[in-house]
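Source file: query-v6.tsv. Holds: TSV, C-alpha atoms.
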```tsv
chain	number	residue	atom	x	y	z
P	1	MET	CA	-39.59	74.15	5.76
P	2	SER	CA	-38.82	72.26	8.73
P	3	VAL	CA	-42.31	70.62	8.72
P	4	MET	CA	-42.02	69.86	5.05
P	5	SER	CA	-38.69	68.33	5.59
P	6	VAL	CA	-40.12	66.17	8.24
P	7	ARG	CA	-42.86	64.99	5.89
P	8	VAL	CA	-40.47	64.16	3.19
P	9	ILE	CA	-38.45	62.14	5.59
P	10	VAL	CA	-41.52	60.32	6.75
P	11	LEU	CA	-42.65	59.72	3.21
P	12	SER	CA	-39.26	58.41	2.29
P	13	ALA	CA	-39.31	56.03	5.21
P	14	CYS	CA	-42.71	54.73	4.19
P	15	ALA	CA	-41.77	54.56	0.53
P	16	LYS	CA	-38.63	52.49	1.05
P	17	PRO	CA	-40.33	49.16	1.78
P	18	LEU	CA	-42.89	49.88	-0.91
P	19	ILE	CA	-40.23	50.55	-3.54
P	20	ALA	CA	-38.22	47.60	-2.34
P	21	GLY	CA	-41.26	45.33	-2.60
P	22	LEU	CA	-42.02	46.54	-6.12
P	23	ALA	CA	-38.42	46.05	-7.13
P	24	MET	CA	-38.43	42.54	-5.71
P	25	LEU	CA	-41.56	41.69	-7.65
P	26	LEU	CA	-40.09	43.09	-10.86
P	27	LEU	CA	-36.61	41.64	-10.44
P	28	ALA	CA	-37.75	38.33	-9.06
P	29	GLY	CA	-40.50	38.04	-11.58
P	30	PRO	CA	-38.97	35.38	-13.80
P	31	ALA	CA	-38.57	32.98	-10.86
P	32	PHE	CA	-42.23	33.21	-10.03
P	33	ALA	CA	-43.30	33.18	-13.64
P	34	HIS	CA	-41.47	29.97	-14.77
P	35	GLY	CA	-41.48	26.55	-13.26
P	36	ALA	CA	-38.54	24.14	-13.34
P	37	LEU	CA	-38.63	20.99	-15.40
P	38	VAL	CA	-36.62	17.84	-14.81
P	39	ASP	CA	-36.26	15.41	-17.67
P	40	VAL	CA	-35.66	11.85	-16.60
P	41	ALA	CA	-34.12	9.32	-18.96
P	42	GLU	CA	-32.53	5.91	-18.68
P	43	VAL	CA	-28.84	5.72	-19.56
P	44	ASP	CA	-26.25	2.97	-19.51
P	45	ALA	CA	-23.85	3.51	-16.64
P	46	ILE	CA	-20.72	1.81	-15.31
P	47	ARG	CA	-20.76	0.75	-11.68
P	48	ILE	CA	-17.65	-0.36	-9.85
P	49	GLN	CA	-17.12	-1.76	-6.39
P	50	ALA	CA	-13.67	-1.43	-4.86
P	51	ARG	CA	-12.51	-3.99	-2.30
P	52	TYR	CA	-9.27	-5.12	-0.75
P	53	ASP	CA	-8.22	-8.70	-1.33
P	54	THR	CA	-9.23	-9.41	2.27
P	55	GLY	CA	-12.84	-8.71	1.24
P	56	GLU	CA	-12.97	-5.39	3.06
P	57	VAL	CA	-14.66	-2.70	0.94
P	58	MET	CA	-12.82	0.48	0.03
P	59	GLY	CA	-15.37	2.96	1.36
P	60	ASN	CA	-14.85	6.66	0.60
P	61	ALA	CA	-11.84	5.83	-1.56
P	62	GLN	CA	-10.84	8.27	-4.27
P	63	VAL	CA	-11.78	7.45	-7.86
P	64	ALA	CA	-10.29	8.89	-11.04
P	65	VAL	CA	-11.75	8.07	-14.45
P	66	PHE	CA	-9.39	8.51	-17.41
P	67	PRO	CA	-10.80	8.83	-20.95
P	68	PRO	CA	-9.39	6.87	-23.92
P	69	ASP	CA	-7.69	9.87	-25.53
P	70	ASP	CA	-5.99	11.25	-22.38
P	71	PRO	CA	-4.78	8.59	-19.97
P	72	ALA	CA	-2.84	11.16	-17.93
P	73	GLN	CA	-5.60	13.65	-17.13
P	74	PRO	CA	-8.69	12.40	-15.29
P	75	TRP	CA	-12.02	13.14	-16.93
P	76	LEU	CA	-13.92	12.62	-13.69
P	77	VAL	CA	-12.88	12.39	-10.05
P	78	GLY	CA	-15.01	11.35	-7.11
P	79	GLN	CA	-15.27	9.02	-4.16
P	80	THR	CA	-16.78	5.62	-3.61
P	81	ASP	CA	-19.68	5.43	-1.19
P	82	ALA	CA	-19.52	3.64	2.13
P	83	THR	CA	-20.07	0.31	0.39
P	84	GLY	CA	-17.23	0.88	-2.08
P	85	HIS	CA	-19.52	1.63	-5.05
P	86	PHE	CA	-19.03	4.35	-7.66
P	87	VAL	CA	-21.26	4.95	-10.69
P	88	PHE	CA	-20.49	7.00	-13.77
P	89	THR	CA	-21.59	7.30	-17.37
P	90	PRO	CA	-18.83	7.77	-19.94
P	91	ASP	CA	-19.40	10.22	-22.74
P	92	ASP	CA	-19.50	9.19	-26.40
P	93	ARG	CA	-15.74	8.70	-26.81
P	94	ALA	CA	-15.00	5.16	-27.94
P	95	GLY	CA	-11.96	3.33	-26.63
P	96	ARG	CA	-10.54	2.11	-23.34
P	97	TRP	CA	-11.61	4.00	-20.23
P	98	ALA	CA	-9.50	3.49	-17.12
P	99	ILE	CA	-10.95	3.64	-13.61
P	100	GLN	CA	-8.42	4.00	-10.82
P	101	VAL	CA	-9.38	3.65	-7.17
P	102	ARG	CA	-6.90	4.43	-4.42
P	103	GLU	CA	-6.89	4.83	-0.68
P	104	ALA	CA	-3.80	5.42	1.48
P	105	GLY	CA	-1.43	4.40	-1.29
P	106	HIS	CA	-3.26	1.17	-2.06
P	107	GLY	CA	-5.40	0.82	-5.12
P	108	ALA	CA	-6.12	-0.81	-8.44
P	109	ILE	CA	-7.08	0.03	-12.00
P	110	SER	CA	-9.87	-1.54	-14.04
P	111	TYR	CA	-10.69	-0.85	-17.66
P	112	VAL	CA	-13.89	-0.51	-19.66
P	113	GLU	CA	-13.70	-0.80	-23.43
P	114	VAL	CA	-16.46	1.29	-24.99
P	115	GLY	CA	-17.17	0.49	-28.64
P	116	ALA	CA	-18.29	2.95	-31.29
P	117	ASP	CA	-21.76	1.41	-31.13
P	118	GLY	CA	-21.90	1.88	-27.34
P	119	THR	CA	-21.14	-1.73	-26.41
P	120	THR	CA	-18.88	-2.16	-23.39
P	121	THR	CA	-16.32	-4.79	-22.42
P	122	ILE	CA	-15.01	-4.81	-18.86
P	123	THR	CA	-11.44	-5.79	-18.04
P	124	GLN	CA	-10.84	-6.40	-14.37
P	125	GLY	CA	-7.60	-5.00	-13.02
P	126	SER	CA	-7.13	-7.86	-10.57
P	127	ALA	CA	-9.28	-10.90	-11.19
P	128	GLY	CA	-7.90	-13.09	-8.42
P	129	LEU	CA	-5.71	-16.16	-8.70
P	130	THR	CA	-5.94	-18.53	-11.64
P	131	TRP	CA	-5.75	-22.31	-11.20
P	132	ALA	CA	-2.23	-22.31	-12.68
P	133	GLN	CA	-1.14	-19.80	-10.05
P	134	ARG	CA	-2.72	-21.87	-7.27
P	135	LEU	CA	-1.01	-25.06	-8.49
P	136	LEU	CA	2.32	-23.26	-8.73
P	137	MET	CA	1.90	-21.93	-5.19
P	138	ILE	CA	1.11	-25.40	-3.83
P	139	ALA	CA	4.17	-26.80	-5.62
P	140	CYS	CA	6.31	-24.00	-4.17
P	141	VAL	CA	5.05	-24.69	-0.65
P	142	PHE	CA	5.87	-28.42	-0.99
P	143	TRP	CA	9.30	-27.66	-2.41
P	144	GLY	CA	9.92	-25.15	0.37
P	145	ALA	CA	8.89	-27.71	3.00
P	146	ILE	CA	11.27	-30.30	1.52
P	147	GLY	CA	14.10	-27.77	1.39
P	148	THR	CA	13.50	-26.67	4.98
P	149	ALA	CA	13.47	-30.28	6.20
P	150	LEU	CA	16.72	-31.03	4.36
P	151	TYR	CA	18.27	-27.87	5.78
P	152	PHE	CA	17.57	-28.93	9.35
P	153	ARG	CA	18.73	-32.51	8.65
P	154	ARG	CA	22.02	-31.46	7.08
P	155	PRO	CA	25.20	-32.85	8.59
P	156	ARG	CA	26.65	-30.25	10.93
P	157	PRO	CA	30.38	-29.73	11.40
P	158	ALA	CA	31.72	-31.14	14.64
P	159	LYS	CA	32.28	-28.50	17.31
P	160	ALA	CA	35.86	-27.78	18.21
P	161	ALA	CA	36.80	-29.16	21.56
U	1	MET	CA	2.91	-1.70	3.03
U	2	HIS	CA	3.21	-2.55	-0.67
U	3	ILE	CA	2.77	0.26	-3.17
U	4	PRO	CA	1.02	-1.13	-6.28
U	5	ASP	CA	1.54	-0.19	-9.93
U	6	GLY	CA	0.07	3.08	-11.14
U	7	ILE	CA	0.19	4.90	-7.79
U	8	LEU	CA	3.54	6.68	-7.94
U	9	PRO	CA	4.75	9.19	-10.55
U	10	LEU	CA	7.44	8.07	-12.97
U	11	GLY	CA	10.24	9.97	-11.22
U	12	LEU	CA	9.70	8.24	-7.88
U	13	THR	CA	9.32	4.86	-9.58
U	14	LEU	CA	12.62	5.24	-11.42
U	15	GLY	CA	14.28	6.65	-8.30
U	16	GLY	CA	13.15	3.56	-6.40
U	17	TRP	CA	14.74	1.29	-9.01
U	18	VAL	CA	18.01	3.23	-8.88
U	19	ALA	CA	18.11	3.11	-5.06
U	20	ALA	CA	17.21	-0.59	-5.00
U	21	GLY	CA	19.89	-1.30	-7.61
U	22	GLY	CA	22.47	0.51	-5.51
U	23	LEU	CA	21.43	-1.35	-2.35
U	24	THR	CA	21.58	-4.67	-4.19
U	25	ALA	CA	25.04	-3.94	-5.60
U	26	ILE	CA	26.39	-3.02	-2.16
U	27	SER	CA	24.79	-6.10	-0.60
U	28	LEU	CA	26.12	-8.49	-3.24
U	29	ASN	CA	29.60	-7.02	-2.83
U	30	ARG	CA	29.46	-7.55	0.94
U	31	ILE	CA	28.15	-11.08	0.44
U	32	ALA	CA	30.89	-11.88	-2.10
U	33	ALA	CA	33.52	-10.65	0.37
U	34	GLN	CA	32.50	-13.28	2.94
U	35	PRO	CA	34.68	-16.40	3.36
U	36	ASP	CA	31.93	-18.72	2.10
U	37	PRO	CA	29.13	-16.71	0.46
U	38	ARG	CA	27.11	-19.85	-0.27
U	39	ALA	CA	26.97	-21.01	3.33
U	40	ALA	CA	24.01	-18.80	4.23
U	41	LEU	CA	22.03	-19.47	1.05
U	42	PRO	CA	19.75	-22.19	2.53
U	43	ARG	CA	18.89	-19.93	5.44
U	44	ALA	CA	18.31	-16.99	3.07
U	45	SER	CA	16.04	-19.17	0.93
U	46	MET	CA	14.05	-20.31	3.95
U	47	MET	CA	13.64	-16.76	5.22
U	48	THR	CA	12.65	-15.56	1.74
U	49	ALA	CA	9.85	-18.13	1.76
U	50	ALA	CA	8.75	-16.95	5.22
U	51	PHE	CA	8.83	-13.31	4.08
U	52	PHE	CA	6.86	-14.24	0.93
U	53	ALA	CA	4.12	-15.96	2.91
U	54	ALA	CA	4.01	-13.38	5.72
U	55	SER	CA	2.15	-10.84	3.58
U	56	LEU	CA	-0.82	-13.23	3.55
U	57	ILE	CA	-1.17	-13.07	7.34
U	58	HIS	CA	-3.55	-10.19	7.91
U	59	ILE	CA	-4.13	-8.70	11.32
U	60	PRO	CA	-7.46	-6.83	11.54
U	61	ILE	CA	-6.98	-3.43	13.17
U	62	PRO	CA	-10.25	-1.53	12.66
U	63	PRO	CA	-11.03	0.31	10.49
U	64	THR	CA	-8.40	-1.43	8.35
U	65	SER	CA	-6.12	-4.46	8.48
U	66	VAL	CA	-2.37	-4.82	8.27
U	67	HIS	CA	-0.09	-7.70	7.37
U	68	LEU	CA	3.22	-8.91	8.73
U	69	MET	CA	6.38	-7.43	7.19
U	70	LEU	CA	9.26	-9.24	8.95
U	71	SER	CA	11.87	-6.71	7.82
U	72	GLY	CA	13.51	-6.71	11.26
U	73	LEU	CA	13.69	-10.51	11.41
U	74	MET	CA	15.11	-10.63	7.87
U	75	GLY	CA	17.82	-8.13	8.76
U	76	ALA	CA	18.74	-9.80	12.05
U	77	MET	CA	18.92	-13.30	10.56
U	78	LEU	CA	20.26	-12.58	7.08
U	79	GLY	CA	22.34	-9.43	7.29
U	80	TRP	CA	23.34	-8.34	3.79
U	81	TYR	CA	21.47	-11.31	2.31
U	82	ALA	CA	18.25	-9.58	3.39
U	83	ILE	CA	18.27	-7.19	0.41
U	84	PRO	CA	18.23	-9.80	-2.39
U	85	ALA	CA	15.92	-11.98	-0.28
U	86	ILE	CA	13.40	-9.14	0.16
U	87	LEU	CA	13.52	-8.21	-3.54
U	88	ILE	CA	12.90	-11.81	-4.58
U	89	GLY	CA	10.09	-12.15	-2.04
U	90	LEU	CA	8.49	-8.91	-3.22
U	91	ALA	CA	8.69	-10.00	-6.86
U	92	PHE	CA	6.89	-13.25	-6.06
U	93	GLN	CA	4.29	-11.43	-3.96
U	94	ALA	CA	3.59	-9.08	-6.88
U	95	VAL	CA	3.29	-11.87	-9.42
U	96	MET	CA	1.46	-14.45	-7.31
U	97	PHE	CA	-0.71	-12.39	-4.96
U	98	GLY	CA	-0.93	-9.02	-6.69
U	99	HIS	CA	0.60	-7.41	-3.59
U	100	GLY	CA	2.67	-4.44	-4.70
U	101	GLY	CA	3.70	-4.28	-8.33
U	102	LEU	CA	6.54	-4.95	-10.71
U	103	THR	CA	7.07	-1.29	-11.62
U	104	THR	CA	7.15	-0.39	-7.92
U	105	LEU	CA	9.40	-3.32	-6.98
U	106	GLY	CA	12.36	-0.96	-6.57
U	107	VAL	CA	10.65	1.50	-4.25
U	108	ASN	CA	9.02	-1.30	-2.23
U	109	GLY	CA	12.42	-2.98	-1.96
U	110	VAL	CA	13.87	0.20	-0.50
U	111	ILE	CA	10.92	0.69	1.89
U	112	LEU	CA	11.39	-2.81	3.34
U	113	GLY	CA	15.11	-3.28	2.64
U	114	LEU	CA	16.47	-0.21	4.43
U	115	PRO	CA	14.73	-1.15	7.72
U	116	ALA	CA	16.19	-4.65	7.38
U	117	LEU	CA	19.69	-3.22	7.06
U	118	ALA	CA	19.00	-0.88	10.00
U	119	ALA	CA	17.90	-3.91	12.04
U	120	PHE	CA	21.09	-5.72	11.00
U	121	GLY	CA	23.19	-2.76	12.12
U	122	LEU	CA	21.33	-2.43	15.43
U	123	MET	CA	21.69	-6.12	16.24
U	124	ARG	CA	25.36	-6.16	15.28
U	125	SER	CA	26.17	-3.13	17.40
U	126	MET	CA	23.93	-3.75	20.41
U	127	GLY	CA	23.06	-7.45	20.35
U	128	HIS	CA	26.03	-8.62	22.44
U	129	PHE	CA	24.61	-7.97	25.87
U	130	ALA	CA	25.29	-10.78	28.30
U	131	HIS	CA	21.99	-10.40	30.11
U	132	PRO	CA	19.21	-12.27	28.28
U	133	VAL	CA	16.60	-9.64	29.14
U	134	MET	CA	18.73	-6.91	27.58
U	135	ARG	CA	19.25	-9.06	24.48
U	136	ALA	CA	15.51	-9.64	24.25
U	137	LEU	CA	14.88	-5.90	24.57
U	138	VAL	CA	17.32	-5.15	21.76
U	139	SER	CA	15.64	-7.84	19.63
U	140	PHE	CA	12.24	-6.29	20.36
U	141	ALA	CA	13.54	-2.84	19.42
U	142	THR	CA	14.94	-4.33	16.22
U	143	GLY	CA	11.60	-5.77	15.11
U	144	ALA	CA	9.47	-2.83	16.22
U	145	GLY	CA	11.90	-0.22	14.92
U	146	ALA	CA	12.04	-1.86	11.50
U	147	VAL	CA	8.26	-1.64	11.18
U	148	LEU	CA	8.23	2.00	12.26
U	149	LEU	CA	11.01	2.89	9.81
U	150	ALA	CA	9.21	1.09	6.97
U	151	VAL	CA	5.99	2.96	7.78
U	152	ALA	CA	7.88	6.28	7.85
U	153	LEU	CA	9.45	5.56	4.43
U	154	PHE	CA	6.13	4.37	2.98
U	155	THR	CA	4.35	7.50	4.23
U	156	THR	CA	7.09	9.83	2.97
U	157	VAL	CA	7.12	8.30	-0.51
U	158	LEU	CA	3.34	8.44	-0.83
U	159	LEU	CA	3.08	12.03	0.38
U	160	ALA	CA	5.88	13.05	-2.00
U	161	GLY	CA	4.06	11.49	-4.94
U	162	LEU	CA	0.48	12.67	-4.48
U	163	PRO	CA	-0.97	13.48	-7.93
U	164	ALA	CA	-2.60	16.86	-8.49
U	165	HIS	CA	-6.04	15.47	-9.26
U	166	LEU	CA	-6.28	13.73	-5.90
U	167	ASP	CA	-8.09	15.24	-2.91
U	168	ALA	CA	-4.87	15.72	-0.93
U	169	VAL	CA	-6.57	16.25	2.44
U	170	THR	CA	-8.56	13.03	2.19
U	171	GLU	CA	-5.58	11.00	0.98
U	172	ARG	CA	-3.29	12.40	3.67
U	173	ALA	CA	-5.85	11.51	6.32
U	174	ALA	CA	-6.12	7.97	4.92
U	175	ILE	CA	-2.33	7.57	4.82
U	176	MET	CA	-1.98	8.79	8.40
U	177	ALA	CA	-4.76	6.44	9.55
U	178	LEU	CA	-2.95	3.53	7.90
U	179	ALA	CA	0.34	4.56	9.50
U	180	ILE	CA	-1.26	4.69	12.95
U	181	ALA	CA	-2.84	1.28	12.35
U	182	HIS	CA	0.70	-0.13	12.03
U	183	LEU	CA	1.66	0.79	15.60
U	184	PRO	CA	0.21	-2.44	17.05
U	185	LEU	CA	2.00	-4.33	14.25
U	186	ALA	CA	5.28	-2.78	15.41
U	187	LEU	CA	4.66	-4.20	18.88
U	188	ALA	CA	3.69	-7.59	17.43
U	189	GLU	CA	6.78	-7.81	15.19
U	190	GLY	CA	8.98	-6.68	18.06
U	191	MET	CA	7.68	-9.58	20.13
U	192	ILE	CA	8.06	-12.00	17.19
U	193	VAL	CA	11.69	-11.02	16.64
U	194	ALA	CA	12.44	-11.20	20.39
U	195	ALA	CA	10.83	-14.65	20.66
U	196	VAL	CA	12.45	-16.09	17.52
U	197	LEU	CA	15.95	-14.81	18.33
U	198	THR	CA	15.70	-15.94	21.98
U	199	PHE	CA	14.69	-19.41	20.77
U	200	LEU	CA	17.45	-19.56	18.15
U	201	ARG	CA	20.12	-18.41	20.60
U	202	ARG	CA	19.29	-21.46	22.71
U	203	THR	CA	18.88	-24.01	19.93
U	204	SER	CA	20.78	-22.92	16.80
U	205	PRO	CA	22.80	-19.76	17.43
U	206	GLU	CA	24.65	-20.22	14.14
U	207	MET	CA	21.42	-19.29	12.32
U	208	ILE	CA	21.62	-15.68	13.51
U	209	ILE	CA	24.02	-13.65	11.42
U	210	ALA	CA	23.81	-10.42	13.43
U	211	ARG	CA	24.30	-11.98	16.85
```
Serialized structure, structure tokens:
Amino acid sequence: MSVMSVRVIVLSACAKPLIAGLAMLLLAGPAFAHGALVDVAEVDAIRIQARYDTGEVMGNAQVAVFPPDDPAQPWLVGQTDATGHFVFTPDDRAGRWAIQVREAGHGAISYVEVGADGTTTITQGSAGLTWAQRLLMIACVFWGAIGTALYFRRPRPAKAA
Amino acid sequence: MHIPDGILPLGLTLGGWVAAGGLTAISLNRIAAQPDPRAALPRASMMTAAFFAASLIHIPIPPTSVHLMLSGLMGAMLGWYAIPAILIGLAFQAVMFGHGGLTTLGVNGVILGLPALAAFGLMRSMGHFAHPVMRALVSFATGAGAVLLAVALFTTVLLAGLPAHLDAVTERAAIMALAIAHLPLALAEGMIVAAVLTFLRRTSPEMIIAR
């Protein structure tokens, strides 16, 4: 009995890897039997680049994309790359998509209007200064310079003796 | 140090407006109680213009850049006039440069206005030293301290208003990096305030309210 027992033990030890190998073949069979396929197709995508007004790019800034029917809950979140770029493809919901980029409390929002036929119209959140703004600023600077000069040339009260 | 539109939740935005309204009401009352409230208006206008333009002066501090704030100088030179002056300057910065925002005007006014009032209080209580070096040191502390207080308020408001969808760890790290980048600005503004007040004490001491 004792010899038999020993044999059984030995057989079991030899059978373990064999059974395990068979099980692996059976269980892992589908992976070996089927290949993977990747379909590649061209799609229209939206690409943004986030920058500060100093020209510095907002690299690794956080991006939230809000769909037209839920402007409070982001549909997609992600980060810009090191060059400030972020690419996404909106789904088939027509309307105004909002893209918010923020970093350390600074940020901006731009909008993309997606039509029912798939056409897109981009609205920049901050498109820089217009000529009217520049003219108004120049006028303000001149007016400020005149006011400052008049302030320093004002008659001063005589000092008490 | 300007929080733009769309960054803060509604509660903080409204709270900022309420706080800024209260600060403005107190300031206008104190101004109205002065013997001649209009006497300091030209100086307030001039300093508002300087504050308005200062946000365009960027100082590169890698990996970011910061801009001048001048809260300490506004407080030292304008006293209670600093609050309306800062709010007007911020409104023009938002409209003309896109710095900050109109919905966040209240909270930005508090972030820059409270340090100005703190600077005013510090100068009024400790700016009477006879020794010029001590006066310059107090002026430096006024300018530098105002920047540090503004950064602390800015950081606190942003951390209190982080939206749930944001990666909080990344945003906190970015906010802390920006706060640290303002330390050299605190030194720079401290030196600016010390230099300007030292110059004005010699040439036109009547221009300093909190002397």
Next item on the list: Can you check which residues of chain P have any atom within 7 Å of chain U? Use all atoms listed in the file and format it as a PyMOL selection string.
Entry: chain P and resi 103-107+133+148+151
Next item on the list: Mind giving me the straight-line distance from CA of Asp53 in chain P to CA of Ser71 in chain U in Å, one decimal?
Entry: 22.2 Å
Next item on the list: List every protein, DNA or RNA residue that has an atom no more than 12 Å from (15.9, -4.9, 13.1) in the file's coordinate frame, counting only C-alpha atoms, and report them as a PyMOL selection string.
Entry: chain U and resi 69-79+82+112-127+137-150+186+189-194+197+210-211
Checklist line | Straight-line distance linking CA of Leu153 in chain U with CA of Ile208 in chain U, stated in Å to one decimal | finding: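 It comes out at 26.1 Å.
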Next item on the list: With a distance cut-off of 12 Å and all atoms listed in the file, select the neighbouring residues of Pro71 in chain P, excluding the residue or stretch itself and same-chain residues fewer than 2 positions from it, and output the selection as a list in words.
Entry: Ala64, Val65, Phe66, Pro67, Pro68, Asp69, Gln73, Pro74, Trp75, Leu76, Gly95, Arg96, Trp97, Ala98, Ile99, Gln100, Ile109 and Tyr111 of chain P; Gly6 of chain U
Checklist line | Near-Arg47 in chain P list (10 Å; all atoms listed in the file; drop same-chain fewer than 5 positions) as a list in words | finding: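 Listing them by chain and then by number gives His85, Phe86, Val87, Phe88 and Thr89 of chain P.
Take the candidates U:Gly16, U:Ala39, U:His128, U:Leu200 and check each one against Leu105 in chain U using all atoms listed in the file; the shortest distance goes to U:Gly16.
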Need the axis-aligned box for range 125-129 of chain U with 8 Å each side, so what are the centre and edges in Å to one decimal, as JSON?
```
{"center_x": 24.6, "center_y": -5.9, "center_z": 21.6, "size_x": 19.1, "size_y": 21.5, "size_z": 24.5}
```
Notebook entry, point to check: Neighbours of Asp92 in chain P within 9 Å (only C-alpha atoms; same-chain residues fewer than 6 positions away dropped), as a PyMOL selection string?
Noted result: chain P and resi 114+116+118
Convert the current residue selection to file output with C-alpha atoms, as an mmCIF file, in the frame of the given file.
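For reference, out_17.cif as written:
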```cif
data_model
loop_
_atom_site.group_PDB
_atom_site.id
_atom_site.type_symbol
_atom_site.label_atom_id
_atom_site.label_comp_id
_atom_site.auth_asym_id
_atom_site.auth_seq_id
_atom_site.Cartn_x
_atom_site.Cartn_y
_atom_site.Cartn_z
ATOM 1 C CA VAL P 114 -16.460 1.290 -24.990
ATOM 2 C CA ALA P 116 -18.290 2.950 -31.290
ATOM 3 C CA GLY P 118 -21.900 1.880 -27.340
#
```
Check: Contacts of Ala50 in chain P at 9 Å or less, counting only C-alpha atoms, minus same-chain residues fewer than 5 places along, as a list in words?
Finding: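 The contact residues come out as Glu56, Val57, Met58, Gly59, Ala61, Thr80, Thr83, Gly84, His85, Phe86, Val101, Arg102, Gly107 and Ala108 of chain P.
Taking CA of His182 in chain U and CA of His131 in chain U as endpoints, the distance between them is 29.8 Å.
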Item checked: Using all atoms listed in the file: which of U:Leu12, U:Ile26, U:Val196, U:Ala130 has the shortest distance to Thr103 in chain U ->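 Going through U:Leu12, U:Ile26, U:Val196, U:Ala130 one by one, the smallest distance to Thr103 in chain U is for U:Leu12.
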